[in-house]
Structures are given as C-alpha cells and as structure tokens.
>>> print(open('structure.cif').read())   # mmCIF, C-alpha atoms
data_protein
#
loop_
_atom_site.group_PDB
_atom_site.id
_atom_site.type_symbol
_atom_site.label_atom_id
_atom_site.label_comp_id
_atom_site.auth_asym_id
_atom_site.auth_seq_id
_atom_site.Cartn_x
_atom_site.Cartn_y
_atom_site.Cartn_z
ATOM 1 C CA MET A 7 125.789 -230.885 12.594
ATOM 2 C CA ALA A 8 123.790 -232.769 15.216
ATOM 3 C CA ASP A 9 126.318 -231.995 17.940
ATOM 4 C CA GLU A 10 126.251 -228.255 17.234
ATOM 5 C CA ILE A 11 122.455 -228.175 17.233
ATOM 6 C CA GLN A 12 122.392 -230.116 20.495
ATOM 7 C CA ILE A 13 124.712 -227.558 22.094
ATOM 8 C CA LEU A 14 122.342 -224.777 21.083
ATOM 9 C CA LYS A 15 119.291 -226.667 22.290
ATOM 10 C CA ASP A 16 120.945 -227.511 25.607
ATOM 11 C CA PHE A 17 121.830 -223.832 26.148
ATOM 12 C CA VAL A 18 118.318 -222.485 25.620
ATOM 13 C CA GLN A 19 116.850 -225.311 27.708
ATOM 14 C CA GLY A 20 119.184 -224.512 30.609
ATOM 15 C CA LYS A 21 121.015 -227.859 30.381
ATOM 16 C CA LEU A 22 124.320 -226.230 29.359
ATOM 17 C CA SER A 23 125.818 -223.606 31.653
ATOM 18 C CA ASP A 24 126.467 -220.074 30.453
ATOM 19 C CA LYS A 25 130.208 -220.507 30.939
ATOM 20 C CA GLU A 26 130.241 -223.778 28.986
ATOM 21 C CA PHE A 27 128.290 -222.242 26.127
ATOM 22 C CA GLU A 28 130.634 -219.250 25.931
ATOM 23 C CA GLN A 29 133.587 -221.649 25.889
ATOM 24 C CA GLN A 30 132.000 -223.588 23.037
ATOM 25 C CA LEU A 31 131.619 -220.375 21.041
ATOM 26 C CA TYR A 32 135.347 -219.682 21.248
ATOM 27 C CA THR A 33 136.691 -223.205 20.802
ATOM 28 C CA ASN A 34 134.211 -225.135 18.650
ATOM 29 C CA SER A 35 134.968 -224.292 15.003
ATOM 30 C CA ALA A 36 132.039 -226.391 13.782
ATOM 31 C CA LEU A 37 129.667 -224.380 15.968
ATOM 32 C CA GLU A 38 131.164 -221.131 14.666
ATOM 33 C CA LYS A 39 130.650 -222.297 11.081
ATOM 34 C CA ARG A 40 127.064 -223.346 11.764
ATOM 35 C CA LEU A 41 126.186 -220.012 13.397
ATOM 36 C CA SER A 42 127.862 -218.106 10.541
ATOM 37 C CA ASP A 43 125.767 -219.768 7.824
ATOM 38 C CA SER A 44 125.200 -217.098 5.164
ATOM 39 C CA ALA A 45 122.265 -219.010 3.712
ATOM 40 C CA ILE A 46 120.039 -218.041 6.643
ATOM 41 C CA ASN A 47 117.782 -215.073 5.898
ATOM 42 C CA TRP A 48 118.026 -212.538 8.721
ATOM 43 C CA TYR A 49 116.222 -209.759 6.852
ATOM 44 C CA GLY A 50 114.051 -207.668 9.158
ATOM 45 C CA THR A 51 115.856 -208.799 12.322
ATOM 46 C CA TYR A 52 118.688 -207.292 14.388
ATOM 47 C CA LEU A 53 121.005 -209.851 12.746
ATOM 48 C CA GLN A 54 120.467 -208.710 9.157
ATOM 49 C CA ASP A 55 123.850 -206.934 9.006
ATOM 50 C CA THR A 56 125.838 -209.521 10.948
ATOM 51 C CA THR A 57 125.776 -213.246 11.806
ATOM 52 C CA ALA A 58 124.433 -215.106 14.807
ATOM 53 C CA PHE A 59 127.999 -216.086 15.704
ATOM 54 C CA LEU A 60 129.383 -212.534 15.699
ATOM 55 C CA TYR A 61 126.419 -211.304 17.711
ATOM 56 C CA LEU A 62 126.795 -214.093 20.285
ATOM 57 C CA ILE A 63 130.523 -213.615 20.880
ATOM 58 C CA GLY A 64 129.842 -209.922 21.424
ATOM 59 C CA GLN A 65 127.633 -210.580 24.443
ATOM 60 C CA ASN A 66 128.703 -210.389 28.092
ATOM 61 C CA TYR A 67 127.890 -213.758 29.622
ATOM 62 C CA THR A 68 128.274 -212.494 33.193
ATOM 63 C CA THR A 69 125.267 -210.160 32.988
ATOM 64 C CA ALA A 70 121.524 -210.759 32.918
ATOM 65 C CA GLU A 71 121.197 -208.557 29.820
ATOM 66 C CA GLY A 72 123.946 -210.369 27.903
ATOM 67 C CA LEU A 73 122.566 -213.784 28.786
ATOM 68 C CA LEU A 74 119.061 -212.784 27.750
ATOM 69 C CA ASN A 75 120.386 -211.475 24.423
ATOM 70 C CA ALA A 76 122.284 -214.724 23.820
ATOM 71 C CA HIS A 77 119.325 -216.845 24.831
ATOM 72 C CA GLU A 78 116.922 -215.018 22.503
ATOM 73 C CA THR A 79 119.425 -215.114 19.616
ATOM 74 C CA VAL A 80 119.937 -218.862 19.873
ATOM 75 C CA LYS A 81 116.168 -219.349 19.988
ATOM 76 C CA LEU A 82 115.815 -217.184 16.874
ATOM 77 C CA PHE A 83 118.580 -219.128 15.106
ATOM 78 C CA LEU A 84 116.962 -222.481 15.859
ATOM 79 C CA ASN A 85 113.604 -221.144 14.697
ATOM 80 C CA ARG A 86 115.091 -219.925 11.398
ATOM 81 C CA ILE A 87 116.482 -223.366 10.618
ATOM 82 C CA GLY A 88 113.164 -225.002 11.438
ATOM 83 C CA ILE A 89 113.860 -226.368 14.918
ATOM 84 C CA GLU A 90 111.275 -225.770 17.623
ATOM 85 C CA VAL A 91 112.430 -226.318 21.185
ATOM 86 C CA LEU A 92 110.961 -225.813 24.640
ATOM 87 C CA THR A 93 113.172 -223.214 26.269
ATOM 88 C CA SER A 94 114.002 -222.065 29.778
ATOM 89 C CA ALA A 95 112.366 -218.802 30.855
ATOM 90 C CA GLN A 96 115.073 -218.131 33.452
ATOM 91 C CA ARG A 97 116.953 -215.529 31.397
ATOM 92 C CA SER A 98 113.917 -213.364 30.678
ATOM 93 C CA GLU A 99 112.683 -213.767 34.265
ATOM 94 C CA ASP A 100 116.039 -212.552 35.646
ATOM 95 C CA TYR A 101 116.033 -209.565 33.333
ATOM 96 C CA ASP A 102 112.402 -208.686 34.055
ATOM 97 C CA LEU A 103 113.099 -208.889 37.792
ATOM 98 C CA LEU A 104 116.050 -206.530 37.428
ATOM 99 C CA LEU A 105 114.013 -204.047 35.390
ATOM 100 C CA SER A 106 111.120 -204.080 37.849
ATOM 101 C CA ALA A 107 113.427 -203.417 40.826
ATOM 102 C CA SER A 108 115.595 -200.736 39.177
ATOM 103 C CA PRO A 109 114.748 -197.044 39.767
ATOM 104 C CA LYS A 110 113.827 -195.178 36.585
ATOM 105 C CA TYR A 111 116.374 -192.427 37.342
ATOM 106 C CA ILE A 112 119.338 -194.841 37.198
ATOM 107 C CA ASP A 113 120.729 -196.516 34.096
ATOM 108 C CA ALA A 114 124.012 -198.074 35.232
ATOM 109 C CA LYS A 115 125.953 -200.343 32.908
ATOM 110 C CA ALA A 116 125.074 -204.027 32.982
ATOM 111 C CA ASP A 117 128.461 -205.164 34.311
ATOM 112 C CA TYR A 118 128.251 -202.697 37.228
ATOM 113 C CA ILE A 119 124.743 -203.889 38.082
ATOM 114 C CA GLU A 120 125.837 -207.512 37.972
ATOM 115 C CA LYS A 121 128.849 -206.810 40.195
ATOM 116 C CA TYR A 122 127.304 -204.510 42.808
ATOM 117 C CA ILE A 123 123.511 -204.725 42.614
ATOM 118 C CA VAL A 124 122.363 -208.261 41.825
ATOM 119 C CA PRO A 125 122.429 -210.695 44.792
ATOM 120 C CA LYS A 126 125.081 -213.396 44.583
ATOM 121 C CA ASP A 127 122.769 -215.837 46.354
ATOM 122 C CA ARG A 128 120.488 -217.005 43.540
ATOM 123 C CA THR A 129 118.572 -219.307 45.903
ATOM 124 C CA LEU A 130 116.697 -216.280 47.259
ATOM 125 C CA SER A 131 113.029 -216.028 46.401
ATOM 126 C CA LYS A 132 111.996 -213.564 43.698
ATOM 127 C CA SER A 133 110.558 -211.173 46.288
ATOM 128 C CA ASP A 134 113.758 -211.335 48.382
ATOM 129 C CA GLN A 135 115.901 -210.747 45.286
ATOM 130 C CA LYS A 136 113.781 -207.744 44.353
ATOM 131 C CA GLN A 137 114.041 -206.318 47.869
ATOM 132 C CA TYR A 138 117.814 -206.836 47.879
ATOM 133 C CA ILE A 139 118.214 -205.072 44.514
ATOM 134 C CA LYS A 140 116.155 -202.085 45.685
ATOM 135 C CA GLN A 141 118.178 -201.901 48.887
ATOM 136 C CA ARG A 142 121.500 -201.963 47.024
ATOM 137 C CA TYR A 143 120.387 -199.150 44.719
ATOM 138 C CA ALA A 144 119.372 -197.071 47.763
ATOM 139 C CA GLU A 145 122.722 -197.742 49.462
ATOM 140 C CA LEU A 146 124.829 -196.840 46.437
ATOM 141 C CA PHE A 147 122.930 -194.081 44.609
ATOM 142 C CA LYS A 148 122.320 -191.442 47.276
ATOM 143 C CA TYR A 149 120.822 -187.989 46.961
ATOM 144 C CA GLN A 150 120.288 -184.954 49.198
ATOM 145 C CA THR A 151 116.520 -184.434 48.970
ATOM 146 C CA LYS A 152 115.145 -186.141 45.868
ATOM 147 C CA PRO A 153 116.557 -188.063 42.882
ATOM 148 C CA PRO A 154 117.345 -186.365 39.575
ATOM 149 C CA LYS A 155 114.520 -185.712 37.155
ATOM 150 C CA TRP A 156 116.304 -186.392 33.902
ATOM 151 C CA ILE A 157 115.312 -184.646 30.690
ATOM 152 C CA GLN A 158 117.046 -187.249 28.542
ATOM 153 C CA ASN A 159 118.396 -190.701 29.474
ATOM 154 C CA PRO A 160 119.703 -191.154 33.056
ATOM 155 C CA ASP A 161 123.387 -190.195 33.283
ATOM 156 C CA TRP A 162 124.391 -190.639 36.945
ATOM 157 C CA PRO A 163 128.217 -190.357 37.187
ATOM 158 C CA ILE A 164 130.171 -193.268 38.677
ATOM 159 C CA LYS A 165 133.857 -192.806 39.632
ATOM 160 C CA ASN A 166 136.064 -195.714 40.719
ATOM 161 C CA ASP A 167 132.973 -197.924 40.908
ATOM 162 C CA LYS A 168 131.282 -195.483 43.322
ATOM 163 C CA PRO A 169 128.237 -193.432 42.292
ATOM 164 C CA LEU A 170 128.598 -189.725 43.078
ATOM 165 C CA TYR A 171 126.232 -188.123 45.587
ATOM 166 C CA PHE A 172 123.422 -186.137 43.947
ATOM 167 C CA LEU A 173 123.043 -182.625 45.373
ATOM 168 C CA GLY A 174 120.270 -181.287 43.162
ATOM 169 C CA GLN A 175 119.479 -179.754 39.811
ATOM 170 C CA ILE A 176 119.232 -176.223 38.479
ATOM 171 C CA GLU A 177 116.851 -175.250 35.713
ATOM 172 C CA MET A 178 118.285 -173.358 32.744
ATOM 173 C CA LYS A 179 115.908 -170.871 31.155
ATOM 174 C CA LYS A 180 116.273 -169.759 27.567
ATOM 175 C CA GLY A 181 117.632 -166.219 27.422
ATOM 176 C CA ASP A 182 120.829 -164.211 27.077
ATOM 177 C CA LEU A 183 123.064 -166.912 28.575
ATOM 178 C CA PHE A 184 121.378 -170.097 27.330
ATOM 179 C CA HIS A 185 119.990 -170.684 23.861
ATOM 180 C CA ASP A 186 118.011 -173.755 24.998
ATOM 181 C CA GLU A 187 116.112 -174.742 28.112
ATOM 182 C CA GLY A 188 117.313 -177.621 30.248
ATOM 183 C CA SER A 189 118.835 -178.586 33.585
ATOM 184 C CA ILE A 190 122.254 -178.805 35.189
ATOM 185 C CA TYR A 191 122.634 -181.712 37.610
ATOM 186 C CA LEU A 192 125.099 -181.323 40.492
ATOM 187 C CA PHE A 193 126.985 -184.321 41.902
ATOM 188 C CA ILE A 194 129.767 -184.463 44.483
ATOM 189 C CA GLU A 195 132.492 -187.059 44.997
ATOM 190 C CA ALA A 196 132.398 -187.790 48.735
ATOM 191 C CA GLU A 197 136.105 -188.626 49.111
ATOM 192 C CA THR A 198 137.484 -185.537 47.335
ATOM 193 C CA GLY A 199 134.666 -183.001 47.569
ATOM 194 C CA ILE A 200 134.947 -182.416 43.827
ATOM 195 C CA ILE A 201 131.672 -181.350 42.237
ATOM 196 C CA GLU A 202 130.765 -182.690 38.819
ATOM 197 C CA THR A 203 127.963 -181.419 36.622
ATOM 198 C CA VAL A 204 125.816 -183.069 33.986
ATOM 199 C CA LYS A 205 123.923 -180.857 31.521
ATOM 200 C CA GLN A 206 120.843 -181.945 29.615
ATOM 201 C CA LEU A 207 118.767 -179.887 27.217
ATOM 202 C CA TYR A 208 115.212 -180.206 25.953
#
>>> encode(input="structure.cif", output="structure tokens")
Amino acid sequence: MADEIQILKDFVQGKLSDKEFEQQLYTNSALEKRLSDSAINWYGTYLQDTTAFLYLIGQNYTTAEGLLNAHETVKLFLNRIGIEVLTSAQRSEDYDLLLSASPKYIDAKADYIEKYIVPKDRTLSKSDQKQYIKQRYAELFKYQTKPPKWIQNPDWPIKNDKPLYFLGQIEMKKGDLFHDEGSIYLFIEAETGIIETVKQLY
C-alpha cells in the first residue's frame, strides 16, 4: 500500500513525470486496485458513478486539461483516504494560462491546442507563453472582418488540422422560412474554396 500511495503523492507533488504516472496506471495492478477501492465514498463528486482509476485512465496526459483533471483527481483521492499533501500548482497554472490567452470565440479540442497552440519551449516566461499562444491563435483562426459572435458554444470548423477561414455571419429572422431566430456562420476552406456553414439558433 505504501508504494502506491507514494506514487500518487509523487505525482501531485511534481516528483513523478506525467508519462511515468500514466505508465504506472496501466502496468501497476496494485495501484489499479487501490484506486478502484469501492469502500471510498464518492457521493456528491464527479466520481460517484465511477472509480478514481477509471477516471484517471480516461484522461489525456499530453494535454493541460487532462493533466489538470488527473492532478485534481489524485488530490481528491488522497484527501478521501485521509492523506494531506503539499501539491504542485503547475497543472492549474498551465491551464489558467491557456484559458486567459484563448479567445472566447474559439473552443478547439484540447489535443489540437496542445499540438498547435501551446509553445513547446516550456522555459519561456508566463508572459512570453501567453503572447505566443495569442499569436498562434491569430495565425491559425483567421477571419475577414471580425470573429464570429456565437449564439451557443463556439463551433469553428477544423479540416485536416487547419481551421477554416471565417467569412461572416448572416442573421436569421423568424418568419415564413425560419421558425426560430439565429445565425448562419460562413467558413471557407482555403485550399478547395469549399464553403461550409454552421447554424445556431436562440
């Protein structure tokens, strides 16, 4: 038991790498058993219908979001079994930085952001990382005059890992043709000239 707890403590304290922790999840049967303990009361938490182990193996350990989820889950697990530990704030800091630098009109998937947006050089200062992230968004998600004003959640199309170019949006008024009000968003694929539309309703 001590070894499994130490693995968890080392992960949240930043002493065990993300890759090593993920490897432990898949190869360490004792760790799996410990994290699957049915005696732990998860009522009222996001784990109440699953186990800490199943939740952890479902995370993407190459993204800031996945790592933050794993980090917070391990902290919660340790807390539930009565172990308090000083933890690294790196995961939440990375995620907060990403959120603060991301435009509100874009909601790309975490793996795309990690691959194309986040700087590979993690020695950069926080301000330089933030500037780099903003620059990458501007380079990749281009628009003709102004960005889309989404009615619902952002839904910017990406084809072959390339965001389409935003041309503009057309308001739909309730009447003979439309039963609801909303907007149609026009995007064009630069290589083919094919126009794609996204419709959102109020």
>>> atom_distance(input="structure.cif", atom1="atom CA of Thr198 of chain A", atom2="atom CA of Ile164 of chain A")
13.7 Å
>>> resolve_selection(input="structure.cif", expression="the PyMOL selection byres ((chain A and resi 7-17) around 9)", output="compact mmCIF listing (two decimals) with C-alpha atoms, in the frame of the given file")
# COMPACT_ATOMS: atom_id res chain seq x y z
CA VAL A 18 118.32 -222.48 25.62
CA GLN A 19 116.85 -225.31 27.71
CA GLY A 20 119.18 -224.51 30.61
CA LYS A 21 121.02 -227.86 30.38
CA LEU A 22 124.32 -226.23 29.36
CA SER A 23 125.82 -223.61 31.65
CA ASP A 24 126.47 -220.07 30.45
CA GLU A 26 130.24 -223.78 28.99
CA PHE A 27 128.29 -222.24 26.13
CA GLN A 30 132.00 -223.59 23.04
CA ASN A 34 134.21 -225.14 18.65
CA ALA A 36 132.04 -226.39 13.78
CA LEU A 37 129.67 -224.38 15.97
CA ARG A 40 127.06 -223.35 11.76
CA HIS A 77 119.32 -216.84 24.83
CA VAL A 80 119.94 -218.86 19.87
CA LYS A 81 116.17 -219.35 19.99
CA LEU A 84 116.96 -222.48 15.86
CA VAL A 91 112.43 -226.32 21.18
CA LEU A 92 110.96 -225.81 24.64
CA THR A 93 113.17 -223.21 26.27
CA SER A 94 114.00 -222.06 29.78
>>> resolve_selection(input="structure.cif", expression="the PyMOL selection byres ((chain A and resi 172-183) around 10)", output="NGL selection string")
:A and (147-156 or 162-163 or 169-171 or 184-195 or 201-207)
>>> closest_atom_pairs(input="structure.cif", of="segment 122-204 of chain A", to="segment 50-72 of chain A", cutoff="12 Å", atoms="all atoms listed in the file", output="Markdown table")
| residue | atom | partner | partner_atom | distance |
| --- | --- | --- | --- | --- |
| A:Tyr122 | CA | A:Thr69 | CA | 11.5 |
| A:Ile123 | CA | A:Thr69 | CA | 11.2 |
| A:Val124 | CA | A:Ala70 | CA | 9.3 |
| A:Pro125 | CA | A:Ala70 | CA | 11.9 |
| A:Lys126 | CA | A:Thr68 | CA | 11.9 |
>>> write_last_selection(input="structure.cif", atoms="C-alpha atoms", output="JSON list (two decimals), keeping the file's coordinate frame")
[["chain", "number", "residue", "atom", "x", "y", "z"],
["A", 122, "TYR", "CA", 127.30, -204.51, 42.81],
["A", 123, "ILE", "CA", 123.51, -204.72, 42.61],
["A", 124, "VAL", "CA", 122.36, -208.26, 41.82],
["A", 125, "PRO", "CA", 122.43, -210.70, 44.79],
["A", 126, "LYS", "CA", 125.08, -213.40, 44.58]]
>>> resolve_selection(input="structure.cif", expression="the PyMOL selection byres ((chain A and resi 100) around 10)", output="list in words")
Thr69, Ala70, Glu71, Leu73, Leu74, Ala95, Gln96, Arg97, Ser98, Glu99, Tyr101, Asp102, Leu103, Leu104, Leu105, Val124, Lys132 and Gln135 of chain A
>>> residues_around(input="structure.cif", residues="Phe83 of chain A", least_positions_apart="4", cutoff="9 Å", atoms="all atoms listed in the file", output="PDB file with C-alpha atoms, in the coordinates of the input")
ATOM      1  CA  LEU A  41     126.186-220.012  13.397  1.00  0.00           C
ATOM      2  CA  ILE A  46     120.039-218.041   6.643  1.00  0.00           C
ATOM      3  CA  ALA A  58     124.433-215.106  14.807  1.00  0.00           C
ATOM      4  CA  GLU A  78     116.922-215.018  22.503  1.00  0.00           C
ATOM      5  CA  THR A  79     119.425-215.114  19.616  1.00  0.00           C
ATOM      6  CA  ILE A  87     116.482-223.366  10.618  1.00  0.00           C
ATOM      7  CA  GLY A  88     113.164-225.002  11.438  1.00  0.00           C
ATOM      8  CA  ILE A  89     113.860-226.368  14.918  1.00  0.00           C
TER       9      ILE A  89
END
>>> atom_distance(input="structure.cif", atom1="atom CA of Lys136 of chain A", atom2="atom CA of Pro109 of chain A")
11.7 Å
>>> atom_distance(input="structure.cif", atom1="atom CA of Tyr138 of chain A", atom2="atom CA of Ala107 of chain A")
9.0 Å
>>> decode(input="structure.cif", residues="segment 9-108 of chain A", atoms="C-alpha atoms", output="mmCIF file, in the first residue's frame")
data_model
loop_
_atom_site.group_PDB
_atom_site.id
_atom_site.type_symbol
_atom_site.label_atom_id
_atom_site.label_comp_id
_atom_site.auth_asym_id
_atom_site.auth_seq_id
_atom_site.Cartn_x
_atom_site.Cartn_y
_atom_site.Cartn_z
ATOM 1 C CA ASP A 9 4.314 2.203 -2.574
ATOM 2 C CA GLU A 10 1.022 3.007 -4.309
ATOM 3 C CA ILE A 11 0.378 5.976 -2.032
ATOM 4 C CA GLN A 12 3.908 7.233 -2.638
ATOM 5 C CA ILE A 13 3.342 7.097 -6.399
ATOM 6 C CA LEU A 14 0.229 9.226 -6.006
ATOM 7 C CA LYS A 15 1.959 11.683 -3.701
ATOM 8 C CA ASP A 16 4.956 11.974 -6.020
ATOM 9 C CA PHE A 17 2.649 12.709 -8.977
ATOM 10 C CA VAL A 18 0.754 15.554 -7.320
ATOM 11 C CA GLN A 19 3.994 16.982 -5.920
ATOM 12 C CA GLY A 20 5.587 17.018 -9.378
ATOM 13 C CA LYS A 21 8.259 14.450 -8.444
ATOM 14 C CA LEU A 22 6.884 11.818 -10.855
ATOM 15 C CA SER A 23 6.582 12.724 -14.526
ATOM 16 C CA ASP A 24 3.245 12.636 -16.311
ATOM 17 C CA LYS A 25 4.456 9.869 -18.614
ATOM 18 C CA GLU A 26 5.699 7.767 -15.691
ATOM 19 C CA PHE A 27 2.422 8.171 -13.837
ATOM 20 C CA GLU A 28 0.391 7.157 -16.891
ATOM 21 C CA GLN A 29 2.636 4.111 -17.291
ATOM 22 C CA GLN A 30 2.051 3.175 -13.659
ATOM 23 C CA LEU A 31 -1.708 3.349 -14.201
ATOM 24 C CA TYR A 32 -1.529 0.783 -16.993
ATOM 25 C CA THR A 33 1.064 -1.581 -15.542
ATOM 26 C CA ASN A 34 0.780 -1.435 -11.747
ATOM 27 C CA SER A 35 -2.057 -3.778 -10.724
ATOM 28 C CA ALA A 36 -1.691 -2.821 -7.060
ATOM 29 C CA LEU A 37 -2.192 0.840 -7.951
ATOM 30 C CA GLU A 38 -5.249 -0.049 -10.037
ATOM 31 C CA LYS A 39 -6.720 -1.985 -7.111
ATOM 32 C CA ARG A 40 -6.042 0.854 -4.681
ATOM 33 C CA LEU A 41 -7.667 3.454 -6.950
ATOM 34 C CA SER A 42 -10.665 1.159 -7.532
ATOM 35 C CA ASP A 43 -11.452 0.776 -3.820
ATOM 36 C CA SER A 44 -15.249 0.562 -3.575
ATOM 37 C CA ALA A 45 -15.172 1.454 0.110
ATOM 38 C CA ILE A 46 -14.389 5.095 -0.673
ATOM 39 C CA ASN A 47 -17.457 7.341 -0.601
ATOM 40 C CA TRP A 48 -17.548 9.484 -3.740
ATOM 41 C CA TYR A 49 -21.116 10.700 -3.229
ATOM 42 C CA GLY A 50 -21.571 14.296 -4.354
ATOM 43 C CA THR A 51 -18.429 14.297 -6.517
ATOM 44 C CA TYR A 52 -17.825 13.701 -10.237
ATOM 45 C CA LEU A 53 -16.573 10.216 -9.291
ATOM 46 C CA GLN A 54 -19.796 8.999 -7.678
ATOM 47 C CA ASP A 55 -20.719 6.834 -10.692
ATOM 48 C CA THR A 56 -17.221 5.574 -11.466
ATOM 49 C CA THR A 57 -13.864 4.959 -9.743
ATOM 50 C CA ALA A 58 -10.758 7.091 -9.471
ATOM 51 C CA PHE A 59 -8.899 4.520 -11.573
ATOM 52 C CA LEU A 60 -11.381 4.528 -14.467
ATOM 53 C CA TYR A 61 -11.491 8.313 -14.451
ATOM 54 C CA LEU A 62 -7.687 8.592 -14.464
ATOM 55 C CA ILE A 63 -7.099 6.174 -17.343
ATOM 56 C CA GLY A 64 -9.656 8.130 -19.351
ATOM 57 C CA GLN A 65 -7.582 11.310 -19.253
ATOM 58 C CA ASN A 66 -5.247 12.554 -21.991
ATOM 59 C CA TYR A 67 -1.849 13.001 -20.378
ATOM 60 C CA THR A 68 -0.482 15.061 -23.273
ATOM 61 C CA THR A 69 -2.842 17.992 -22.669
ATOM 62 C CA ALA A 70 -3.007 20.675 -19.995
ATOM 63 C CA GLU A 71 -6.691 19.890 -19.389
ATOM 64 C CA GLY A 72 -6.112 16.146 -18.990
ATOM 65 C CA LEU A 73 -3.177 16.662 -16.652
ATOM 66 C CA LEU A 74 -5.130 19.114 -14.524
ATOM 67 C CA ASN A 75 -8.029 16.648 -14.290
ATOM 68 C CA ALA A 76 -5.658 13.851 -13.251
ATOM 69 C CA HIS A 77 -3.865 16.058 -10.764
ATOM 70 C CA GLU A 78 -7.095 17.194 -9.088
ATOM 71 C CA THR A 79 -8.470 13.629 -9.003
ATOM 72 C CA VAL A 80 -5.389 12.229 -7.292
ATOM 73 C CA LYS A 81 -5.525 15.068 -4.767
ATOM 74 C CA LEU A 82 -9.195 14.283 -4.116
ATOM 75 C CA PHE A 83 -8.420 10.568 -3.730
ATOM 76 C CA LEU A 84 -5.650 11.217 -1.212
ATOM 77 C CA ASN A 85 -7.917 13.588 0.700
ATOM 78 C CA ARG A 86 -10.704 10.985 0.871
ATOM 79 C CA ILE A 87 -8.379 8.424 2.427
ATOM 80 C CA GLY A 88 -7.129 10.952 4.958
ATOM 81 C CA ILE A 89 -3.780 11.917 3.438
ATOM 82 C CA GLU A 90 -2.913 15.599 3.211
ATOM 83 C CA VAL A 91 -0.060 16.503 0.894
ATOM 84 C CA LEU A 92 1.523 19.704 -0.367
ATOM 85 C CA THR A 93 0.928 19.682 -4.101
ATOM 86 C CA SER A 94 2.411 21.326 -7.169
ATOM 87 C CA ALA A 95 0.371 24.186 -8.633
ATOM 88 C CA GLN A 96 1.926 23.725 -12.082
ATOM 89 C CA ARG A 97 -1.060 21.926 -13.622
ATOM 90 C CA SER A 98 -3.623 24.544 -12.625
ATOM 91 C CA GLU A 99 -1.231 27.360 -13.577
ATOM 92 C CA ASP A 100 -0.760 25.890 -17.079
ATOM 93 C CA TYR A 101 -4.492 25.529 -17.548
ATOM 94 C CA ASP A 102 -5.257 29.013 -16.223
ATOM 95 C CA LEU A 103 -2.625 30.474 -18.554
ATOM 96 C CA LEU A 104 -4.190 28.704 -21.524
ATOM 97 C CA LEU A 105 -7.677 29.916 -20.608
ATOM 98 C CA SER A 106 -6.536 33.508 -20.148
ATOM 99 C CA ALA A 107 -4.795 33.565 -23.553
ATOM 100 C CA SER A 108 -7.540 31.790 -25.535
#
